[in-house]
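Each remark here refers to the structure printed beneath this line.
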Amino acid sequence: LELFESIEKQELTALPVESYRLRQYVMGTVYKTSHIYISKDKHYYSVPYNYIGKKVRIIYTKDTVEIYLKQKRIALHKRGLKRYGYT
């Protein structure tokens, strides 16, 4: 206890405000309709039209879907779970 109080206690920091969320990572291609498709959800997400045909990285959690091209986020959506729906 003495070691903890003298050395470690001052190094403790507060817990993060937001809880940790597991992320899934997949690659995809932007379709001619300007959407990407997540097969796990069977759901489509829109992307700006100038990225049609580009390979993108898709990172999704329980609540959100982020779409990146070369470490630049090009789209962010609330995750939609309606089968064959569009967001």
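Identifiers in this document derive from the order of the structure tokens: chains are assigned A, B, ..., residues are numbered from 1 separately in each chain, and ligands are numbered from 1 in order of occurrence.
Those residues of chain A that DSSP, working from the backbone, places in helix (DSSP H, G or I) are Glu2, Leu3, Phe4, Glu5, Ser6, Ile7, Glu8, Lys9, Gln10, Glu11, Tyr49, Asn50 and Tyr51 of chain A.
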Residues near A:Ile38, anyone? I mean within 12 Å using only C-alpha atoms, not counting same-chain ones fewer than 2 positions away, as a ChimeraX atom specification.
/A:24-30,35-36,40-46,56-60,65-67,79-87
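Pairwise distance (atom CA of A:Lys62, atom CA of A:Lys78) equals 9.2 Å.
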Quick one: distance from atom CA of A:Leu69 to atom CA of A:Arg21 in Å, one decimal?
21.9 Å
Enter the distance from atom CA of A:Thr13 to atom CA of A:Leu1, in Å, rounded to one decimal.
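Atom CA of A:Leu1 lies at a distance of 18.3 Å from atom CA of A:Thr13.
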Running DSSP on the backbone, which parts of chain A land in strand (DSSP E), as JSON, numbers by chain?
{"A": [24, 25, 26, 27, 28, 29, 35, 36, 37, 38, 43, 44, 45, 46, 55, 56, 57, 58, 59, 60, 64, 65, 66, 67, 68, 69, 72, 73, 74, 75, 76, 77, 78]}
Taking only C-alpha atoms into account, which of A:Lys70, A:Ser39, A:Thr64, A:Leu76 comes nearest A:Arg23?
A:Thr64
